[in-house]
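Enquirer: If it helps, the file is called protein_1.cif and holds mmCIF, N, CA and C atoms:
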data_coords
loop_
_atom_site.label_atom_id
_atom_site.label_comp_id
_atom_site.auth_asym_id
_atom_site.auth_seq_id
_atom_site.Cartn_x
_atom_site.Cartn_y
_atom_site.Cartn_z
N MET Z 1 124.62 114.66 138.94
CA MET Z 1 125.72 114.96 138.04
C MET Z 1 126.18 113.70 137.31
N GLU Z 2 126.21 112.59 138.02
CA GLU Z 2 126.64 111.33 137.40
C GLU Z 2 125.67 110.92 136.28
N SER Z 3 124.38 111.13 136.51
CA SER Z 3 123.41 110.73 135.49
C SER Z 3 123.50 111.62 134.25
N VAL Z 4 123.83 112.90 134.45
CA VAL Z 4 123.98 113.81 133.30
C VAL Z 4 125.19 113.40 132.47
N LEU Z 5 126.29 113.07 133.14
CA LEU Z 5 127.49 112.64 132.40
C LEU Z 5 127.26 111.31 131.69
N GLY Z 6 126.56 110.39 132.35
CA GLY Z 6 126.25 109.11 131.71
C GLY Z 6 125.36 109.29 130.49
N ALA Z 7 124.34 110.12 130.64
CA ALA Z 7 123.44 110.38 129.51
C ALA Z 7 124.18 111.09 128.38
N THR Z 8 125.13 111.96 128.73
CA THR Z 8 125.93 112.64 127.71
C THR Z 8 126.78 111.65 126.93
N MET Z 9 127.38 110.71 127.65
CA MET Z 9 128.21 109.69 126.98
C MET Z 9 127.37 108.82 126.04
N ILE Z 10 126.19 108.44 126.49
CA ILE Z 10 125.31 107.64 125.64
C ILE Z 10 124.89 108.45 124.41
N ALA Z 11 124.56 109.72 124.61
CA ALA Z 11 124.16 110.57 123.49
C ALA Z 11 125.29 110.75 122.49
N VAL Z 12 126.51 110.94 123.00
CA VAL Z 12 127.66 111.09 122.10
C VAL Z 12 127.89 109.82 121.30
N GLY Z 13 127.76 108.67 121.94
CA GLY Z 13 127.91 107.40 121.22
C GLY Z 13 126.87 107.22 120.13
N ILE Z 14 125.63 107.56 120.45
CA ILE Z 14 124.56 107.44 119.46
C ILE Z 14 124.78 108.43 118.32
N ILE Z 15 125.17 109.65 118.64
CA ILE Z 15 125.41 110.67 117.61
C ILE Z 15 126.52 110.22 116.65
N LEU Z 16 127.63 109.75 117.22
CA LEU Z 16 128.74 109.32 116.36
C LEU Z 16 128.37 108.09 115.54
N GLY Z 17 127.70 107.13 116.17
CA GLY Z 17 127.33 105.92 115.44
C GLY Z 17 126.41 106.20 114.27
N LEU Z 18 125.36 106.98 114.52
CA LEU Z 18 124.43 107.28 113.44
C LEU Z 18 125.05 108.17 112.37
N THR Z 19 125.96 109.06 112.79
CA THR Z 19 126.63 109.92 111.81
C THR Z 19 127.48 109.09 110.86
N PHE Z 20 128.30 108.20 111.41
CA PHE Z 20 129.18 107.42 110.54
C PHE Z 20 128.40 106.39 109.74
N LEU Z 21 127.30 105.87 110.28
CA LEU Z 21 126.47 104.96 109.52
C LEU Z 21 125.85 105.68 108.32
N GLY Z 22 125.28 106.85 108.56
CA GLY Z 22 124.68 107.62 107.48
C GLY Z 22 125.70 108.07 106.45
N LEU Z 23 126.88 108.46 106.94
CA LEU Z 23 127.94 108.89 106.02
C LEU Z 23 128.40 107.73 105.14
N ALA Z 24 128.55 106.56 105.72
CA ALA Z 24 129.00 105.40 104.94
C ALA Z 24 127.96 104.99 103.90
N ILE Z 25 126.71 104.97 104.30
CA ILE Z 25 125.65 104.61 103.34
C ILE Z 25 125.57 105.66 102.23
N GLY Z 26 125.62 106.93 102.60
CA GLY Z 26 125.53 107.99 101.60
C GLY Z 26 126.70 107.98 100.63
N LEU Z 27 127.91 107.77 101.16
CA LEU Z 27 129.08 107.73 100.27
C LEU Z 27 129.05 106.50 99.37
N GLY Z 28 128.55 105.40 99.87
CA GLY Z 28 128.43 104.20 99.04
C GLY Z 28 127.45 104.39 97.89
N VAL Z 29 126.30 104.97 98.20
CA VAL Z 29 125.31 105.24 97.15
C VAL Z 29 125.85 106.26 96.15
N MET Z 30 126.52 107.30 96.67
CA MET Z 30 127.07 108.32 95.79
C MET Z 30 128.17 107.74 94.90
N GLY Z 31 129.02 106.89 95.45
CA GLY Z 31 130.06 106.27 94.64
C GLY Z 31 129.49 105.39 93.54
N GLY Z 32 128.42 104.66 93.87
CA GLY Z 32 127.76 103.84 92.85
C GLY Z 32 127.17 104.67 91.73
N LYS Z 33 126.56 105.80 92.10
CA LYS Z 33 125.98 106.67 91.08
C LYS Z 33 127.06 107.34 90.23
N VAL Z 34 128.21 107.66 90.86
CA VAL Z 34 129.32 108.25 90.10
C VAL Z 34 129.85 107.24 89.09
N ALA Z 35 130.04 106.00 89.52
CA ALA Z 35 130.52 104.97 88.60
C ALA Z 35 129.53 104.74 87.47
N GLU Z 36 128.25 104.78 87.80
CA GLU Z 36 127.22 104.60 86.78
C GLU Z 36 127.20 105.75 85.78
N SER Z 37 127.34 106.98 86.29
CA SER Z 37 127.29 108.13 85.38
C SER Z 37 128.54 108.21 84.51
N ILE Z 38 129.70 107.86 85.06
CA ILE Z 38 130.93 107.86 84.26
C ILE Z 38 130.90 106.73 83.24
N GLY Z 39 130.32 105.59 83.62
CA GLY Z 39 130.21 104.48 82.67
C GLY Z 39 129.28 104.81 81.52
N ARG Z 40 128.24 105.59 81.80
CA ARG Z 40 127.31 105.96 80.75
C ARG Z 40 127.85 107.04 79.82
N ASN Z 41 128.56 108.00 80.43
CA ASN Z 41 129.02 109.16 79.66
C ASN Z 41 130.46 109.48 80.07
N PRO Z 42 131.44 108.78 79.52
CA PRO Z 42 132.83 108.93 79.98
C PRO Z 42 133.45 110.30 79.75
N GLU Z 43 132.95 111.06 78.80
CA GLU Z 43 133.58 112.37 78.53
C GLU Z 43 133.25 113.41 79.59
N THR Z 44 132.29 113.14 80.47
CA THR Z 44 131.98 114.08 81.55
C THR Z 44 132.65 113.69 82.87
N LYS Z 45 133.69 112.87 82.78
CA LYS Z 45 134.35 112.37 83.99
C LYS Z 45 134.90 113.51 84.85
N ASN Z 46 135.56 114.49 84.24
CA ASN Z 46 136.16 115.58 85.01
C ASN Z 46 135.10 116.42 85.73
N ASP Z 47 133.98 116.67 85.08
CA ASP Z 47 132.90 117.44 85.71
C ASP Z 47 132.30 116.69 86.89
N VAL Z 48 132.09 115.39 86.72
CA VAL Z 48 131.50 114.59 87.79
C VAL Z 48 132.45 114.50 88.98
N ILE Z 49 133.72 114.27 88.72
CA ILE Z 49 134.70 114.17 89.80
C ILE Z 49 134.83 115.50 90.53
N HIS Z 50 134.79 116.61 89.79
CA HIS Z 50 134.85 117.93 90.43
C HIS Z 50 133.65 118.16 91.35
N SER Z 51 132.46 117.78 90.89
CA SER Z 51 131.26 117.93 91.71
C SER Z 51 131.32 117.06 92.96
N ILE Z 52 131.79 115.84 92.82
CA ILE Z 52 131.88 114.93 93.96
C ILE Z 52 132.91 115.43 94.98
N MET Z 53 134.02 115.96 94.51
CA MET Z 53 135.02 116.50 95.44
C MET Z 53 134.47 117.70 96.21
N THR Z 54 133.67 118.52 95.56
CA THR Z 54 133.04 119.65 96.25
C THR Z 54 132.11 119.15 97.35
N ILE Z 55 131.32 118.13 97.03
CA ILE Z 55 130.41 117.55 98.03
C ILE Z 55 131.20 116.94 99.18
N LEU Z 56 132.29 116.27 98.91
CA LEU Z 56 133.10 115.66 99.96
C LEU Z 56 133.74 116.70 100.87
N VAL Z 57 134.14 117.83 100.30
CA VAL Z 57 134.70 118.91 101.13
C VAL Z 57 133.63 119.47 102.07
N VAL Z 58 132.43 119.67 101.56
CA VAL Z 58 131.34 120.17 102.41
C VAL Z 58 131.02 119.17 103.51
N LEU Z 59 130.98 117.88 103.18
CA LEU Z 59 130.73 116.84 104.19
C LEU Z 59 131.81 116.82 105.26
N SER Z 60 133.05 116.98 104.86
CA SER Z 60 134.13 116.96 105.85
C SER Z 60 134.08 118.19 106.76
N VAL Z 61 133.65 119.33 106.24
CA VAL Z 61 133.49 120.51 107.09
C VAL Z 61 132.38 120.28 108.11
N PHE Z 62 131.26 119.70 107.68
CA PHE Z 62 130.19 119.38 108.62
C PHE Z 62 130.64 118.36 109.67
N LEU Z 63 131.48 117.42 109.27
CA LEU Z 63 132.01 116.44 110.22
C LEU Z 63 132.92 117.10 111.24
N LEU Z 64 133.69 118.09 110.83
CA LEU Z 64 134.52 118.83 111.79
C LEU Z 64 133.66 119.63 112.76
N PHE Z 65 132.56 120.20 112.27
CA PHE Z 65 131.62 120.88 113.17
C PHE Z 65 131.02 119.91 114.18
N LEU Z 66 130.72 118.70 113.73
CA LEU Z 66 130.19 117.69 114.63
C LEU Z 66 131.20 117.33 115.71
N PHE Z 67 132.47 117.18 115.32
CA PHE Z 67 133.49 116.87 116.31
C PHE Z 67 133.67 118.02 117.31
N ALA Z 68 133.54 119.25 116.85
CA ALA Z 68 133.62 120.39 117.78
C ALA Z 68 132.44 120.37 118.75
N PHE Z 69 131.25 120.04 118.27
CA PHE Z 69 130.08 119.94 119.13
C PHE Z 69 130.26 118.83 120.17
N ILE Z 70 130.79 117.70 119.74
CA ILE Z 70 131.01 116.59 120.68
C ILE Z 70 132.08 116.95 121.70
N TYR Z 71 133.10 117.66 121.28
CA TYR Z 71 134.12 118.12 122.23
C TYR Z 71 133.50 119.02 123.30
N ILE Z 72 132.62 119.91 122.87
CA ILE Z 72 131.94 120.79 123.83
C ILE Z 72 131.09 119.96 124.79
N LEU Z 73 130.38 118.96 124.27
CA LEU Z 73 129.56 118.13 125.14
C LEU Z 73 130.39 117.32 126.13
N LEU Z 74 131.55 116.86 125.70
CA LEU Z 74 132.34 116.00 126.58
C LEU Z 74 133.14 116.78 127.60
N TYR Z 75 133.76 117.87 127.20
CA TYR Z 75 134.70 118.55 128.09
C TYR Z 75 134.20 119.88 128.65
N LEU Z 76 133.30 120.52 127.96
CA LEU Z 76 132.77 121.81 128.42
C LEU Z 76 131.25 121.70 128.54
N ASN Z 77 130.80 120.65 129.19
CA ASN Z 77 129.38 120.33 129.24
C ASN Z 77 128.58 121.43 129.93
N PRO Z 78 127.68 122.07 129.20
CA PRO Z 78 126.89 123.16 129.81
C PRO Z 78 125.80 122.65 130.76
N PHE Z 79 125.51 121.34 130.73
CA PHE Z 79 124.46 120.80 131.59
C PHE Z 79 124.95 120.41 132.98
N VAL Z 80 126.26 120.44 133.18
CA VAL Z 80 126.83 120.12 134.48
C VAL Z 80 127.20 121.43 135.16
N SER Z 81 126.72 121.61 136.37
CA SER Z 81 126.99 122.89 137.04
C SER Z 81 128.33 122.90 137.74
#
What's the structure tokens form of this structure?

Expert:
Amino acid sequence: MESVLGATMIAVGIILGLTFLGLAIGLGVMGGKVAESIGRNPETKNDVIHSIMTILVVLSVFLLFLFAFIYILLYLNPFVS
């Protein structure tokens, strides 16, 4: 039982670390592309911002699902009898 809980903690740490690393890199690249597209074509600023906000809402929903999954792994662990 101790090894399952230890492995679960390590897995949760890896999941969170890689998730936030990927999210930060993706948002940085996306922000750069948004600035580039608005700089090239300023009259489409509202359309670009609307599209980016939609993407950010979807990402935040997926992040909430991830937190629910981690909560299940930490407190309602199905691998511990």

Enquirer: Please provide the set of residues having any atom within 10 Å of Leu5 of chain Z, restricted to only C-alpha atoms, with same-chain residues fewer than 5 positions apart removed, written as a list of chain:residue names.

Expert: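 Non-adjacent residues within range: Z:Ile10, Z:Ala11, Z:Leu73, Z:Leu74, Z:Asn77, Z:Phe79, Z:Val80.
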
Enquirer: Quote the spacing between atom CA of Gly22 of chain Z and atom C of Lys45 of chain Z in Å to one decimal place.

Expert: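 Between atom CA of Gly22 of chain Z and atom C of Lys45 of chain Z the gap is 25.5 Å.
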
Enquirer: Just how far from atom CA of Gly28 of chain Z is atom CA of Ile14 of chain Z, in Å to one decimal?

Expert: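 The value is 21.0 Å.
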
Enquirer: Please write the residues picked by the PyMOL selection byres (((chain Z and resi 54-60 and name CA) around 12) and name CA) on this file as a PDB file with N, CA and C atoms, in the frame of the given file.

Expert:
ATOM      1  N   THR Z  19     125.960 109.060 112.790  1.00  0.00           N
ATOM      2  CA  THR Z  19     126.630 109.920 111.810  1.00  0.00           C
ATOM      3  C   THR Z  19     127.480 109.090 110.860  1.00  0.00           C
ATOM      4  N   PHE Z  20     128.300 108.200 111.410  1.00  0.00           N
ATOM      5  CA  PHE Z  20     129.180 107.420 110.540  1.00  0.00           C
ATOM      6  C   PHE Z  20     128.400 106.390 109.740  1.00  0.00           C
ATOM      7  N   GLY Z  22     125.280 106.850 108.560  1.00  0.00           N
ATOM      8  CA  GLY Z  22     124.680 107.620 107.480  1.00  0.00           C
ATOM      9  C   GLY Z  22     125.700 108.070 106.450  1.00  0.00           C
ATOM     10  N   LEU Z  23     126.880 108.460 106.940  1.00  0.00           N
ATOM     11  CA  LEU Z  23     127.940 108.890 106.020  1.00  0.00           C
ATOM     12  C   LEU Z  23     128.400 107.730 105.140  1.00  0.00           C
ATOM     13  N   ALA Z  24     128.550 106.560 105.720  1.00  0.00           N
ATOM     14  CA  ALA Z  24     129.000 105.400 104.940  1.00  0.00           C
ATOM     15  C   ALA Z  24     127.960 104.990 103.900  1.00  0.00           C
ATOM     16  N   GLY Z  26     125.620 106.930 102.600  1.00  0.00           N
ATOM     17  CA  GLY Z  26     125.530 107.990 101.600  1.00  0.00           C
ATOM     18  C   GLY Z  26     126.700 107.980 100.630  1.00  0.00           C
ATOM     19  N   LEU Z  27     127.910 107.770 101.160  1.00  0.00           N
ATOM     20  CA  LEU Z  27     129.080 107.730 100.270  1.00  0.00           C
ATOM     21  C   LEU Z  27     129.050 106.500  99.370  1.00  0.00           C
ATOM     22  N   MET Z  30     126.520 107.300  96.670  1.00  0.00           N
ATOM     23  CA  MET Z  30     127.070 108.320  95.790  1.00  0.00           C
ATOM     24  C   MET Z  30     128.170 107.740  94.900  1.00  0.00           C
ATOM     25  N   GLY Z  31     129.020 106.890  95.450  1.00  0.00           N
ATOM     26  CA  GLY Z  31     130.060 106.270  94.640  1.00  0.00           C
ATOM     27  C   GLY Z  31     129.490 105.390  93.540  1.00  0.00           C
ATOM     28  N   ASP Z  47     133.980 116.670  85.080  1.00  0.00           N
ATOM     29  CA  ASP Z  47     132.900 117.440  85.710  1.00  0.00           C
ATOM     30  C   ASP Z  47     132.300 116.690  86.890  1.00  0.00           C
ATOM     31  N   VAL Z  48     132.090 115.390  86.720  1.00  0.00           N
ATOM     32  CA  VAL Z  48     131.500 114.590  87.790  1.00  0.00           C
ATOM     33  C   VAL Z  48     132.450 114.500  88.980  1.00  0.00           C
ATOM     34  N   ILE Z  49     133.720 114.270  88.720  1.00  0.00           N
ATOM     35  CA  ILE Z  49     134.700 114.170  89.800  1.00  0.00           C
ATOM     36  C   ILE Z  49     134.830 115.500  90.530  1.00  0.00           C
ATOM     37  N   HIS Z  50     134.790 116.610  89.790  1.00  0.00           N
ATOM     38  CA  HIS Z  50     134.850 117.930  90.430  1.00  0.00           C
ATOM     39  C   HIS Z  50     133.650 118.160  91.350  1.00  0.00           C
ATOM     40  N   SER Z  51     132.460 117.780  90.890  1.00  0.00           N
ATOM     41  CA  SER Z  51     131.260 117.930  91.710  1.00  0.00           C
ATOM     42  C   SER Z  51     131.320 117.060  92.960  1.00  0.00           C
ATOM     43  N   ILE Z  52     131.790 115.840  92.820  1.00  0.00           N
ATOM     44  CA  ILE Z  52     131.880 114.930  93.960  1.00  0.00           C
ATOM     45  C   ILE Z  52     132.910 115.430  94.980  1.00  0.00           C
ATOM     46  N   MET Z  53     134.020 115.960  94.510  1.00  0.00           N
ATOM     47  CA  MET Z  53     135.020 116.500  95.440  1.00  0.00           C
ATOM     48  C   MET Z  53     134.470 117.700  96.210  1.00  0.00           C
ATOM     49  N   VAL Z  61     133.650 119.330 106.240  1.00  0.00           N
ATOM     50  CA  VAL Z  61     133.490 120.510 107.090  1.00  0.00           C
ATOM     51  C   VAL Z  61     132.380 120.280 108.110  1.00  0.00           C
ATOM     52  N   PHE Z  62     131.260 119.700 107.680  1.00  0.00           N
ATOM     53  CA  PHE Z  62     130.190 119.380 108.620  1.00  0.00           C
ATOM     54  C   PHE Z  62     130.640 118.360 109.670  1.00  0.00           C
ATOM     55  N   LEU Z  63     131.480 117.420 109.270  1.00  0.00           N
ATOM     56  CA  LEU Z  63     132.010 116.440 110.220  1.00  0.00           C
ATOM     57  C   LEU Z  63     132.920 117.100 111.240  1.00  0.00           C
ATOM     58  N   LEU Z  64     133.690 118.090 110.830  1.00  0.00           N
ATOM     59  CA  LEU Z  64     134.520 118.830 111.790  1.00  0.00           C
ATOM     60  C   LEU Z  64     133.660 119.630 112.760  1.00  0.00           C
ATOM     61  N   PHE Z  65     132.560 120.200 112.270  1.00  0.00           N
ATOM     62  CA  PHE Z  65     131.620 120.880 113.170  1.00  0.00           C
ATOM     63  C   PHE Z  65     131.020 119.910 114.180  1.00  0.00           C
ATOM     64  N   LEU Z  66     130.720 118.700 113.730  1.00  0.00           N
ATOM     65  CA  LEU Z  66     130.190 117.690 114.630  1.00  0.00           C
ATOM     66  C   LEU Z  66     131.200 117.330 115.710  1.00  0.00           C
ATOM     67  N   PHE Z  67     132.470 117.180 115.320  1.00  0.00           N
ATOM     68  CA  PHE Z  67     133.490 116.870 116.310  1.00  0.00           C
ATOM     69  C   PHE Z  67     133.670 118.020 117.310  1.00  0.00           C
TER      70      PHE Z  67
END

Enquirer: What is the atom CA of Gly13 of chain Z to atom CA of Ile70 of chain Z distance in Å?

Expert: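 Computing it gives 9.7 Å between the two atoms.
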
Enquirer: Kindly provide, as JSON, the centre and edge lengths (Å, one decimal) of an axis-aligned box around all atoms of segment 4-9 of chain Z given in the file, with 3 Å on each side.

Expert:
{"center_x": 125.8, "center_y": 111.3, "center_z": 130.2, "size_x": 10.8, "size_y": 11.0, "size_z": 14.4}
